[in-house]
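Text of the file coords-v9.cif, holding mmCIF, C-alpha atoms:
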data_my_file
loop_
_atom_site.group_PDB
_atom_site.id
_atom_site.type_symbol
_atom_site.label_atom_id
_atom_site.label_comp_id
_atom_site.auth_asym_id
_atom_site.auth_seq_id
_atom_site.Cartn_x
_atom_site.Cartn_y
_atom_site.Cartn_z
ATOM 1 C CA MET K 166 -16.991 7.871 8.152
ATOM 2 C CA ILE K 167 -15.938 9.206 11.524
ATOM 3 C CA THR K 168 -18.409 9.557 14.390
ATOM 4 C CA ILE K 169 -18.069 12.372 16.929
ATOM 5 C CA THR K 170 -20.284 11.651 19.936
ATOM 6 C CA GLU K 171 -22.522 14.333 21.465
ATOM 7 C CA SER K 172 -20.270 14.599 24.527
ATOM 8 C CA ALA K 173 -17.204 15.064 22.286
ATOM 9 C CA GLN K 174 -19.051 17.667 20.204
ATOM 10 C CA ALA K 175 -19.963 19.630 23.345
ATOM 11 C CA TYR K 176 -16.367 19.430 24.623
ATOM 12 C CA LEU K 177 -14.857 20.528 21.288
ATOM 13 C CA ALA K 178 -17.391 23.389 20.956
ATOM 14 C CA GLU K 179 -16.439 24.551 24.478
ATOM 15 C CA LEU K 180 -12.711 24.466 23.640
ATOM 16 C CA LEU K 181 -13.264 26.299 20.374
ATOM 17 C CA GLY K 182 -15.296 28.964 22.183
ATOM 18 C CA LYS K 183 -12.106 29.925 24.042
ATOM 19 C CA GLN K 184 -10.130 30.393 20.809
ATOM 20 C CA ASP K 185 -10.337 33.723 18.986
ATOM 21 C CA ASP K 186 -8.861 32.642 15.665
ATOM 22 C CA ALA K 187 -10.001 29.022 15.284
ATOM 23 C CA LEU K 188 -12.444 28.266 12.477
ATOM 24 C CA GLY K 189 -13.102 24.788 13.870
ATOM 25 C CA VAL K 190 -11.091 21.594 14.141
ATOM 26 C CA ARG K 191 -9.119 19.633 11.580
ATOM 27 C CA VAL K 192 -8.903 15.831 11.829
ATOM 28 C CA PHE K 193 -6.003 14.037 10.156
ATOM 29 C CA ILE K 194 -3.681 11.066 10.482
ATOM 30 C CA ASN K 195 0.092 11.404 10.547
ATOM 31 C CA GLN K 196 1.763 8.573 8.594
ATOM 32 C CA PRO K 197 -1.533 6.883 7.660
ATOM 33 C CA GLY K 198 -1.417 3.208 6.784
ATOM 34 C CA THR K 199 1.764 2.536 8.739
ATOM 35 C CA PRO K 200 2.422 1.147 12.237
ATOM 36 C CA LYS K 201 3.409 4.685 13.278
ATOM 37 C CA ALA K 202 0.020 6.200 12.332
ATOM 38 C CA GLU K 203 -1.365 8.752 14.772
ATOM 39 C CA THR K 204 -4.875 10.201 14.600
ATOM 40 C CA CYS K 205 -4.923 13.901 15.446
ATOM 41 C CA ILE K 206 -7.429 16.665 16.111
ATOM 42 C CA ALA K 207 -6.094 20.217 15.968
ATOM 43 C CA TYR K 208 -7.504 23.697 15.909
ATOM 44 C CA CYS K 209 -8.154 24.712 12.310
ATOM 45 C CA ARG K 210 -7.082 28.259 11.595
ATOM 46 C CA GLU K 211 -6.972 30.388 8.479
ATOM 47 C CA GLY K 212 -4.615 28.696 5.998
ATOM 48 C CA ASP K 213 -4.897 25.205 7.560
ATOM 49 C CA ILE K 214 -7.634 23.947 5.248
ATOM 50 C CA GLN K 215 -6.173 21.873 2.404
ATOM 51 C CA GLU K 216 -7.537 21.113 -1.032
ATOM 52 C CA GLY K 217 -9.404 17.813 -0.780
ATOM 53 C CA ASP K 218 -10.461 18.317 2.858
ATOM 54 C CA GLU K 219 -14.040 17.339 3.620
ATOM 55 C CA GLU K 220 -16.031 19.849 5.673
ATOM 56 C CA ARG K 221 -18.772 18.812 8.120
ATOM 57 C CA ALA K 222 -20.893 20.947 10.427
ATOM 58 C CA PHE K 223 -21.503 19.761 13.980
ATOM 59 C CA GLU K 224 -23.403 21.275 16.890
ATOM 60 C CA GLY K 225 -21.467 24.473 17.677
ATOM 61 C CA PHE K 226 -18.481 23.993 15.353
ATOM 62 C CA LYS K 227 -17.165 22.877 11.970
ATOM 63 C CA ALA K 228 -14.687 20.108 11.290
ATOM 64 C CA TRP K 229 -12.440 19.518 8.304
ATOM 65 C CA PHE K 230 -11.232 15.996 7.577
ATOM 66 C CA ASP K 231 -7.952 15.643 5.709
ATOM 67 C CA GLY K 232 -8.671 14.207 2.252
ATOM 68 C CA ARG K 233 -5.622 11.917 2.345
ATOM 69 C CA SER K 234 -6.723 10.570 5.748
ATOM 70 C CA LEU K 235 -10.368 9.865 4.834
ATOM 71 C CA PRO K 236 -9.948 6.155 3.939
ATOM 72 C CA PHE K 237 -8.079 5.622 7.213
ATOM 73 C CA LEU K 238 -10.756 7.443 9.245
ATOM 74 C CA GLU K 239 -13.503 5.051 8.206
ATOM 75 C CA ASP K 240 -15.277 3.712 11.318
ATOM 76 C CA ALA K 241 -13.344 6.132 13.577
ATOM 77 C CA LEU K 242 -14.905 7.326 16.828
ATOM 78 C CA VAL K 243 -14.187 10.488 18.827
ATOM 79 C CA ASP K 244 -15.628 10.436 22.348
ATOM 80 C CA TYR K 245 -15.348 12.484 25.524
ATOM 81 C CA ALA K 246 -15.819 10.983 28.975
ATOM 82 C CA LYS K 247 -15.922 13.112 32.122
ATOM 83 C CA ASP K 248 -14.070 11.855 35.169
ATOM 84 C CA ARG K 249 -12.814 13.139 38.531
ATOM 85 C CA MET K 250 -9.847 14.843 36.880
ATOM 86 C CA GLY K 251 -12.010 16.672 34.327
ATOM 87 C CA GLY K 252 -12.327 14.344 31.395
ATOM 88 C CA GLN K 253 -10.612 12.728 28.455
ATOM 89 C CA LEU K 254 -11.075 13.020 24.715
ATOM 90 C CA THR K 255 -10.367 9.693 23.002
ATOM 91 C CA ILE K 256 -9.971 8.895 19.337
ATOM 92 C CA LYS K 257 -10.301 5.344 18.084
ATOM 93 C CA ALA K 258 -9.447 4.850 14.421
ATOM 94 C CA PRO K 259 -9.276 1.100 13.720
ATOM 95 C CA ASN K 260 -8.193 1.635 10.096
ATOM 96 C CA ALA K 261 -5.456 4.233 10.754
ATOM 97 C CA LYS K 262 -2.552 1.785 10.706
ATOM 98 C CA LEU K 263 -3.927 -0.682 8.216
ATOM 99 C CA PRO K 264 -6.162 0.728 5.497
ATOM 100 C CA ARG K 265 -8.708 -1.136 3.517
ATOM 101 C CA VAL K 266 -6.938 -1.315 0.190
ATOM 102 C CA ASP K 267 -8.102 -2.499 -3.196
ATOM 103 C CA GLU K 268 -7.152 -1.882 -6.833
ATOM 104 C CA ASN K 269 -8.658 1.635 -6.620
ATOM 105 C CA SER K 270 -6.585 2.681 -3.590
ATOM 106 C CA PRO K 271 -3.666 5.089 -4.119
ATOM 107 C CA LEU K 272 -0.450 3.304 -5.125
ATOM 108 C CA GLU K 273 1.296 4.586 -1.972
ATOM 109 C CA ASP K 274 -1.321 2.863 0.225
ATOM 110 C CA ARG K 275 -0.934 -0.402 -1.662
ATOM 111 C CA VAL K 276 2.881 -0.293 -1.384
ATOM 112 C CA ASN K 277 2.631 0.331 2.387
ATOM 113 C CA TYR K 278 0.094 -2.463 2.755
ATOM 114 C CA ILE K 279 2.428 -4.991 1.092
ATOM 115 C CA LEU K 280 5.478 -3.777 3.035
ATOM 116 C CA TYR K 281 3.796 -3.959 6.434
ATOM 117 C CA ASN K 282 1.799 -7.140 5.878
ATOM 118 C CA GLU K 283 4.017 -9.313 3.700
ATOM 119 C CA VAL K 284 7.600 -8.033 3.631
ATOM 120 C CA ASN K 285 8.185 -6.789 7.191
ATOM 121 C CA PRO K 286 6.980 -9.950 8.943
ATOM 122 C CA SER K 287 9.756 -11.838 7.095
ATOM 123 C CA LEU K 288 12.378 -9.204 7.850
ATOM 124 C CA ALA K 289 11.364 -9.155 11.521
ATOM 125 C CA ALA K 290 12.915 -12.622 11.935
ATOM 126 C CA HIS K 291 16.282 -10.877 11.548
ATOM 127 C CA GLY K 292 15.269 -7.777 13.496
ATOM 128 C CA GLY K 293 14.788 -5.747 10.324
ATOM 129 C CA GLU K 294 12.160 -3.618 8.700
ATOM 130 C CA VAL K 295 11.615 -1.562 5.579
ATOM 131 C CA SER K 296 9.410 1.486 5.052
ATOM 132 C CA LEU K 297 8.344 3.646 2.146
ATOM 133 C CA VAL K 298 10.012 7.070 2.178
ATOM 134 C CA GLU K 299 8.275 8.362 -0.927
ATOM 135 C CA LEU K 300 6.783 7.385 -4.242
ATOM 136 C CA THR K 301 8.306 9.414 -7.078
ATOM 137 C CA GLU K 302 6.324 10.900 -9.969
ATOM 138 C CA ASP K 303 7.744 8.192 -12.259
ATOM 139 C CA LYS K 304 6.373 5.535 -9.832
ATOM 140 C CA VAL K 305 9.620 4.416 -8.200
ATOM 141 C CA ALA K 306 9.286 3.386 -4.545
ATOM 142 C CA ILE K 307 12.046 4.933 -2.412
ATOM 143 C CA LEU K 308 12.628 2.673 0.595
ATOM 144 C CA GLN K 309 14.497 2.912 3.898
ATOM 145 C CA PHE K 310 15.734 -0.197 5.700
ATOM 146 C CA GLY K 311 16.125 -0.229 9.464
ATOM 147 C CA GLY K 312 16.946 -2.480 12.391
ATOM 148 C CA GLY K 313 18.944 -5.574 11.445
ATOM 149 C CA CYS K 314 18.721 -4.709 7.728
ATOM 150 C CA GLN K 315 20.727 -1.505 8.085
ATOM 151 C CA GLY K 316 24.325 -2.362 7.309
ATOM 152 C CA CYS K 317 23.621 -6.043 6.621
ATOM 153 C CA GLY K 318 25.797 -7.547 3.888
ATOM 154 C CA MET K 319 22.761 -9.324 2.380
ATOM 155 C CA VAL K 320 20.622 -6.197 1.926
ATOM 156 C CA ASP K 321 21.148 -6.122 -1.868
ATOM 157 C CA MET K 322 19.786 -9.653 -2.164
ATOM 158 C CA THR K 323 16.924 -8.806 0.189
ATOM 159 C CA LEU K 324 16.082 -5.708 -1.850
ATOM 160 C CA LYS K 325 16.262 -7.307 -5.318
ATOM 161 C CA GLY K 326 15.198 -10.884 -4.598
ATOM 162 C CA GLY K 327 12.629 -10.175 -1.930
ATOM 163 C CA VAL K 328 11.234 -6.674 -1.571
ATOM 164 C CA GLU K 329 11.453 -5.489 -5.183
ATOM 165 C CA LYS K 330 10.257 -8.815 -6.593
ATOM 166 C CA THR K 331 7.244 -8.881 -4.241
ATOM 167 C CA LEU K 332 6.262 -5.279 -4.965
ATOM 168 C CA LEU K 333 6.659 -5.480 -8.753
ATOM 169 C CA GLU K 334 4.763 -8.785 -8.995
ATOM 170 C CA GLN K 335 1.789 -7.416 -7.089
ATOM 171 C CA LEU K 336 1.905 -3.833 -8.373
ATOM 172 C CA PRO K 337 2.821 -3.889 -12.074
ATOM 173 C CA GLN K 338 2.270 -0.120 -12.353
ATOM 174 C CA LEU K 339 5.271 0.365 -10.045
ATOM 175 C CA LYS K 340 8.349 1.046 -12.204
ATOM 176 C CA GLY K 341 11.082 0.239 -9.712
ATOM 177 C CA VAL K 342 12.412 0.234 -6.163
ATOM 178 C CA ARG K 343 15.378 2.163 -4.753
ATOM 179 C CA ASP K 344 17.089 1.943 -1.338
ATOM 180 C CA THR K 345 18.216 5.186 0.346
ATOM 181 C CA THR K 346 19.542 3.584 3.541
ATOM 182 C CA ASP K 347 23.034 4.472 4.772
ATOM 183 C CA HIS K 348 24.433 0.956 5.151
ATOM 184 C CA SER K 349 27.807 2.146 6.473
ATOM 185 C CA ASP K 350 26.350 1.990 10.008
ATOM 186 C CA ARG K 351 26.636 -1.729 10.854
ATOM 187 C CA SER K 352 25.999 -1.436 14.607
ATOM 188 C CA GLN K 353 22.575 -3.177 14.414
ATOM 189 C CA ALA K 354 23.220 -5.332 11.351
ATOM 190 C CA TYR K 355 22.121 -8.932 11.254
ATOM 191 C CA TYR K 356 24.873 -11.216 9.899
#
Would you kindly transcribe this structure into C-alpha coordinates?
Amino acid sequence: MITITESAQAYLAELLGKQDDALGVRVFINQPGTPKAETCIAYCREGDIQEGDEERAFEGFKAWFDGRSLPFLEDALVDYAKDRMGGQLTIKAPNAKLPRVDENSPLEDRVNYILYNEVNPSLAAHGGEVSLVELTEDKVAILQFGGGCQGCGMVDMTLKGGVEKTLLEQLPQLKGVRDTTDHSDRSQAYY
(Lines of atoms letter the chains of each structure in order from A and count residues from 1; the text may use other names and numbers.)
(Lines give C-alpha, C1' and ligand atoms only; values in the text may rest on other atoms or scores of the structure.)
Protein backbone atom coordinates (compact mmCIF):
# COMPACT_ATOMS: atom_id res chain seq x y z
CA MET A 1 0.00 0.00 0.00
CA ILE A 2 0.97 3.65 -0.07
CA THR A 3 3.36 5.13 2.48
CA ILE A 4 2.98 8.73 3.66
CA THR A 5 6.13 9.81 5.50
CA GLU A 6 5.97 11.66 8.83
CA SER A 7 7.10 14.91 7.18
CA ALA A 8 4.38 14.56 4.52
CA GLN A 9 1.78 13.80 7.20
CA ALA A 10 2.76 16.93 9.14
CA TYR A 11 2.64 19.05 5.96
CA LEU A 12 -0.77 17.69 4.89
CA ALA A 13 -2.18 18.14 8.43
CA GLU A 14 -0.97 21.77 8.37
CA LEU A 15 -2.60 22.41 4.97
CA LEU A 16 -5.84 20.78 6.07
CA GLY A 17 -5.87 22.91 9.23
CA LYS A 18 -6.29 25.97 6.98
CA GLN A 19 -9.34 24.50 5.22
CA ASP A 20 -12.76 24.91 6.81
CA ASP A 21 -14.65 22.33 4.77
CA ALA A 22 -12.05 19.63 4.08
CA LEU A 23 -12.62 16.24 5.69
CA GLY A 24 -9.11 15.11 4.77
CA VAL A 25 -7.35 14.24 1.54
CA ARG A 26 -8.28 11.91 -1.30
CA VAL A 27 -5.56 10.05 -3.22
CA PHE A 28 -6.30 8.81 -6.73
CA ILE A 29 -4.75 8.22 -10.13
CA ASN A 30 -6.10 9.78 -13.31
CA GLN A 31 -5.94 7.32 -16.23
CA PRO A 32 -4.37 4.52 -14.16
CA GLY A 33 -2.45 1.85 -16.02
CA THR A 34 -1.68 4.06 -19.01
CA PRO A 35 1.37 6.15 -19.98
CA LYS A 36 -0.69 9.25 -19.15
CA ALA A 37 -1.32 8.19 -15.52
CA GLU A 38 -1.05 10.96 -12.94
CA THR A 39 -1.09 10.41 -9.18
CA CYS A 40 -3.07 13.09 -7.37
CA ILE A 41 -3.77 14.25 -3.83
CA ALA A 42 -6.73 16.60 -3.39
CA TYR A 43 -8.73 18.00 -0.54
CA CYS A 44 -11.60 15.63 0.24
CA ARG A 45 -14.84 17.46 0.88
CA GLU A 46 -18.39 16.34 1.54
CA GLY A 47 -19.57 14.36 -1.50
CA ASP A 48 -16.05 13.49 -2.75
CA ILE A 49 -15.86 10.08 -1.08
CA GLN A 50 -16.74 7.30 -3.53
CA GLU A 51 -18.06 3.82 -2.92
CA GLY A 52 -15.04 1.51 -2.77
CA ASP A 53 -12.68 4.15 -1.34
CA GLU A 54 -10.41 2.92 1.43
CA GLU A 55 -10.18 5.16 4.49
CA ARG A 56 -7.02 5.46 6.62
CA ALA A 57 -6.33 7.64 9.64
CA PHE A 58 -3.00 9.43 9.89
CA GLU A 59 -1.55 11.79 12.48
CA GLY A 60 -3.83 14.85 12.30
CA PHE A 61 -5.94 13.89 9.27
CA LYS A 62 -7.79 11.18 7.34
CA ALA A 63 -7.09 10.00 3.83
CA TRP A 64 -9.33 8.22 1.35
CA PHE A 65 -7.75 6.13 -1.39
CA ASP A 66 -9.73 5.68 -4.59
CA GLY A 67 -10.79 2.03 -4.86
CA ARG A 68 -10.08 1.90 -8.61
CA SER A 69 -6.58 3.31 -8.01
CA LEU A 70 -5.58 0.95 -5.18
CA PRO A 71 -3.74 -1.64 -7.32
CA PHE A 72 -1.79 1.17 -8.99
CA LEU A 73 -0.90 2.78 -5.63
CA GLU A 74 0.91 -0.31 -4.38
CA ASP A 75 4.42 0.66 -3.21
CA ALA A 76 3.64 4.39 -3.64
CA LEU A 77 5.43 6.95 -1.47
CA VAL A 78 4.34 10.47 -0.51
CA ASP A 79 7.13 12.58 1.00
CA TYR A 80 7.71 16.21 1.92
CA ALA A 81 11.15 17.80 1.89
CA LYS A 82 11.78 21.31 3.19
CA ASP A 83 14.08 23.55 1.19
CA ARG A 84 15.01 27.24 0.91
CA MET A 85 11.85 27.99 -1.04
CA GLY A 86 9.57 26.33 1.53
CA GLY A 87 9.35 22.72 0.53
CA GLN A 88 8.01 20.21 -1.95
CA LEU A 89 5.50 17.40 -1.67
CA THR A 90 6.46 14.51 -3.95
CA ILE A 91 4.48 11.45 -4.93
CA LYS A 92 6.21 8.41 -6.37
CA ALA A 93 3.89 5.68 -7.62
CA PRO A 94 5.96 3.12 -9.54
CA ASN A 95 2.88 1.08 -10.52
CA ALA A 96 0.68 3.98 -11.69
CA LYS A 97 1.45 3.60 -15.39
CA LEU A 98 1.94 -0.13 -15.49
CA PRO A 99 -0.13 -2.17 -13.06
CA ARG A 100 0.64 -5.60 -11.81
CA VAL A 101 -1.96 -7.57 -13.70
CA ASP A 102 -3.01 -11.19 -13.46
CA GLU A 103 -6.11 -13.24 -14.27
CA ASN A 104 -7.94 -11.65 -11.30
CA SER A 105 -7.31 -8.06 -12.44
CA PRO A 106 -10.21 -6.08 -13.95
CA LEU A 107 -10.62 -6.71 -17.69
CA GLU A 108 -9.98 -3.01 -18.42
CA ASP A 109 -6.54 -3.24 -16.74
CA ARG A 110 -5.65 -6.34 -18.72
CA VAL A 111 -6.71 -4.73 -22.02
CA ASN A 112 -4.59 -1.64 -21.24
CA TYR A 113 -1.64 -3.81 -20.26
CA ILE A 114 -1.71 -5.65 -23.61
CA LEU A 115 -2.20 -2.44 -25.61
CA TYR A 116 0.67 -0.58 -23.96
CA ASN A 117 3.11 -3.48 -23.70
CA GLU A 118 2.50 -5.55 -26.82
CA VAL A 119 0.48 -3.62 -29.41
CA ASN A 120 1.77 -0.05 -29.09
CA PRO A 121 5.47 -0.92 -29.36
CA SER A 122 4.71 -2.39 -32.82
CA LEU A 123 2.59 0.57 -33.87
CA ALA A 124 5.27 3.00 -32.69
CA ALA A 125 7.46 1.92 -35.63
CA HIS A 126 4.97 3.79 -37.83
CA GLY A 127 4.42 6.63 -35.36
CA GLY A 128 1.09 5.21 -34.23
CA GLU A 129 -0.64 4.26 -31.04
CA VAL A 130 -3.94 2.87 -29.84
CA SER A 131 -5.71 3.40 -26.52
CA LEU A 132 -8.78 2.04 -24.79
CA VAL A 133 -11.64 4.57 -24.68
CA GLU A 134 -14.03 2.34 -22.77
CA LEU A 135 -15.08 -1.22 -22.14
CA THR A 136 -18.80 -1.68 -22.76
CA GLU A 137 -21.12 -3.72 -20.53
CA ASP A 138 -21.19 -6.45 -23.20
CA LYS A 139 -17.34 -6.60 -23.03
CA VAL A 140 -16.49 -4.85 -26.30
CA ALA A 141 -13.28 -2.80 -26.22
CA ILE A 142 -13.80 0.64 -27.80
CA LEU A 143 -10.44 1.84 -29.14
CA GLN A 144 -9.01 5.11 -30.44
CA PHE A 145 -6.06 5.17 -32.84
CA GLY A 146 -3.69 8.12 -32.93
CA GLY A 147 -0.47 9.35 -34.49
CA GLY A 148 0.43 7.61 -37.75
CA CYS A 149 -2.54 5.22 -37.42
CA GLN A 150 -5.13 7.99 -37.69
CA GLY A 151 -6.15 8.19 -41.32
CA CYS A 152 -3.84 5.37 -42.45
CA GLY A 153 -5.26 3.24 -45.26
CA MET A 154 -4.10 0.05 -43.50
CA VAL A 155 -5.90 0.70 -40.20
CA ASP A 156 -8.60 -1.92 -40.90
CA MET A 157 -5.94 -4.59 -41.35
CA THR A 158 -4.11 -3.36 -38.26
CA LEU A 159 -7.32 -3.46 -36.23
CA LYS A 160 -8.55 -6.89 -37.38
CA GLY A 161 -5.28 -8.72 -38.03
CA GLY A 162 -3.24 -7.23 -35.24
CA VAL A 163 -4.99 -5.49 -32.37
CA GLU A 164 -8.24 -7.47 -32.27
CA LYS A 165 -6.51 -10.81 -32.85
CA THR A 166 -3.99 -10.14 -30.05
CA LEU A 167 -6.65 -9.01 -27.57
CA LEU A 168 -9.12 -11.83 -28.29
CA GLU A 169 -6.42 -14.53 -28.15
CA GLN A 170 -5.20 -13.38 -24.75
CA LEU A 171 -8.55 -12.30 -23.29
CA PRO A 172 -11.22 -14.79 -24.40
CA GLN A 173 -13.84 -13.09 -22.19
CA LEU A 174 -13.58 -10.03 -24.46
CA LYS A 175 -16.41 -10.19 -27.02
CA GLY A 176 -15.05 -7.81 -29.63
CA VAL A 177 -13.13 -4.67 -30.56
CA ARG A 178 -14.44 -1.49 -32.19
CA ASP A 179 -12.57 1.55 -33.56
CA THR A 180 -14.05 5.02 -32.94
CA THR A 181 -11.26 7.00 -34.62
CA ASP A 182 -12.13 9.65 -37.21
CA HIS A 183 -9.88 8.46 -40.04
CA SER A 184 -10.87 11.30 -42.38
CA ASP A 185 -8.00 13.36 -40.91
CA ARG A 186 -4.97 12.02 -42.82
CA SER A 187 -2.51 14.78 -41.85
CA GLN A 188 -0.39 12.46 -39.64
CA ALA A 189 -1.11 9.18 -41.42
CA TYR A 190 1.65 6.71 -42.12
CA TYR A 191 1.49 5.39 -45.70
Practice prompt. Apply the PyMOL selection byres ((chain K and resi 213-217) around 8) to the structure shown and report the selected residues as a PyMOL selection string.
Written response: chain K and resi 191+209-212+218-219+229+231-233
Let me see the file: selected residues, C-alpha atoms, as a PDB file, keeping the file's coordinate frame.
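Written file, selection_24.pdb:
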ATOM      1  CA  ARG K 191      -9.119  19.633  11.580  1.00  0.00           C
ATOM      2  CA  CYS K 209      -8.154  24.712  12.310  1.00  0.00           C
ATOM      3  CA  ARG K 210      -7.082  28.259  11.595  1.00  0.00           C
ATOM      4  CA  GLU K 211      -6.972  30.388   8.479  1.00  0.00           C
ATOM      5  CA  GLY K 212      -4.615  28.696   5.998  1.00  0.00           C
ATOM      6  CA  ASP K 218     -10.461  18.317   2.858  1.00  0.00           C
ATOM      7  CA  GLU K 219     -14.040  17.339   3.620  1.00  0.00           C
ATOM      8  CA  TRP K 229     -12.440  19.518   8.304  1.00  0.00           C
ATOM      9  CA  ASP K 231      -7.952  15.643   5.709  1.00  0.00           C
ATOM     10  CA  GLY K 232      -8.671  14.207   2.252  1.00  0.00           C
ATOM     11  CA  ARG K 233      -5.622  11.917   2.345  1.00  0.00           C
TER      12      ARG K 233
END
Item to complete: Do a neighbour search on region 270-281 of chain K at 9 Å with only C-alpha atoms, toss out local chain neighbours closer than 2 positions, and write the hits as a ChimeraX atom specification.
Response: /K:197-200,236,263-268,283-286,294-297,299-300,304,306,328,331-332,335-336,338-339
Fill in: Selection: 12 Å around region 246-260 of chain K, all atoms listed in the file, excl. self and same-chain fewer than 6 positions, as a ChimeraX atom specification
/K:166-177,180,192-194,197-200,202-206,234-240,266,278
Worksheet item: Between K:Ala178, K:Leu242, K:Gly341, K:Gly189, which is the closest to Asp303 (chain K) once you count only C-alpha atoms?
Response: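 Among K:Ala178, K:Leu242, K:Gly341, K:Gly189, it is K:Gly341 that comes nearest to Asp303 (chain K).
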Discussion item. Rounded to one decimal, what separation in Å do you get between CA of Leu188 (chain K) and CA of Glu224 (chain K)?
Written reply: 13.7 Å
Discussion item. To one decimal place in Å, what is the distance between CA of His291 (chain K) and CA of Gly327 (chain K)?
Written reply: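 Separating CA of His291 (chain K) from CA of Gly327 (chain K) is a distance of 14.0 Å.
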Worksheet item: Hey, what's within 7 Å of Val342 (chain K) if we count only C-alpha atoms and toss same-chain stuff fewer than 5 positions away? As a list in words, please?
Response: Val305, Ala306, Ile307 and Glu329 of chain K
Item to complete: Could you check how far CA of Arg343 (chain K) sits from CA of Leu308 (chain K), in Å to one decimal?
Response: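 So the two atoms, CA of Arg343 (chain K) and CA of Leu308 (chain K), lie 6.0 Å apart.
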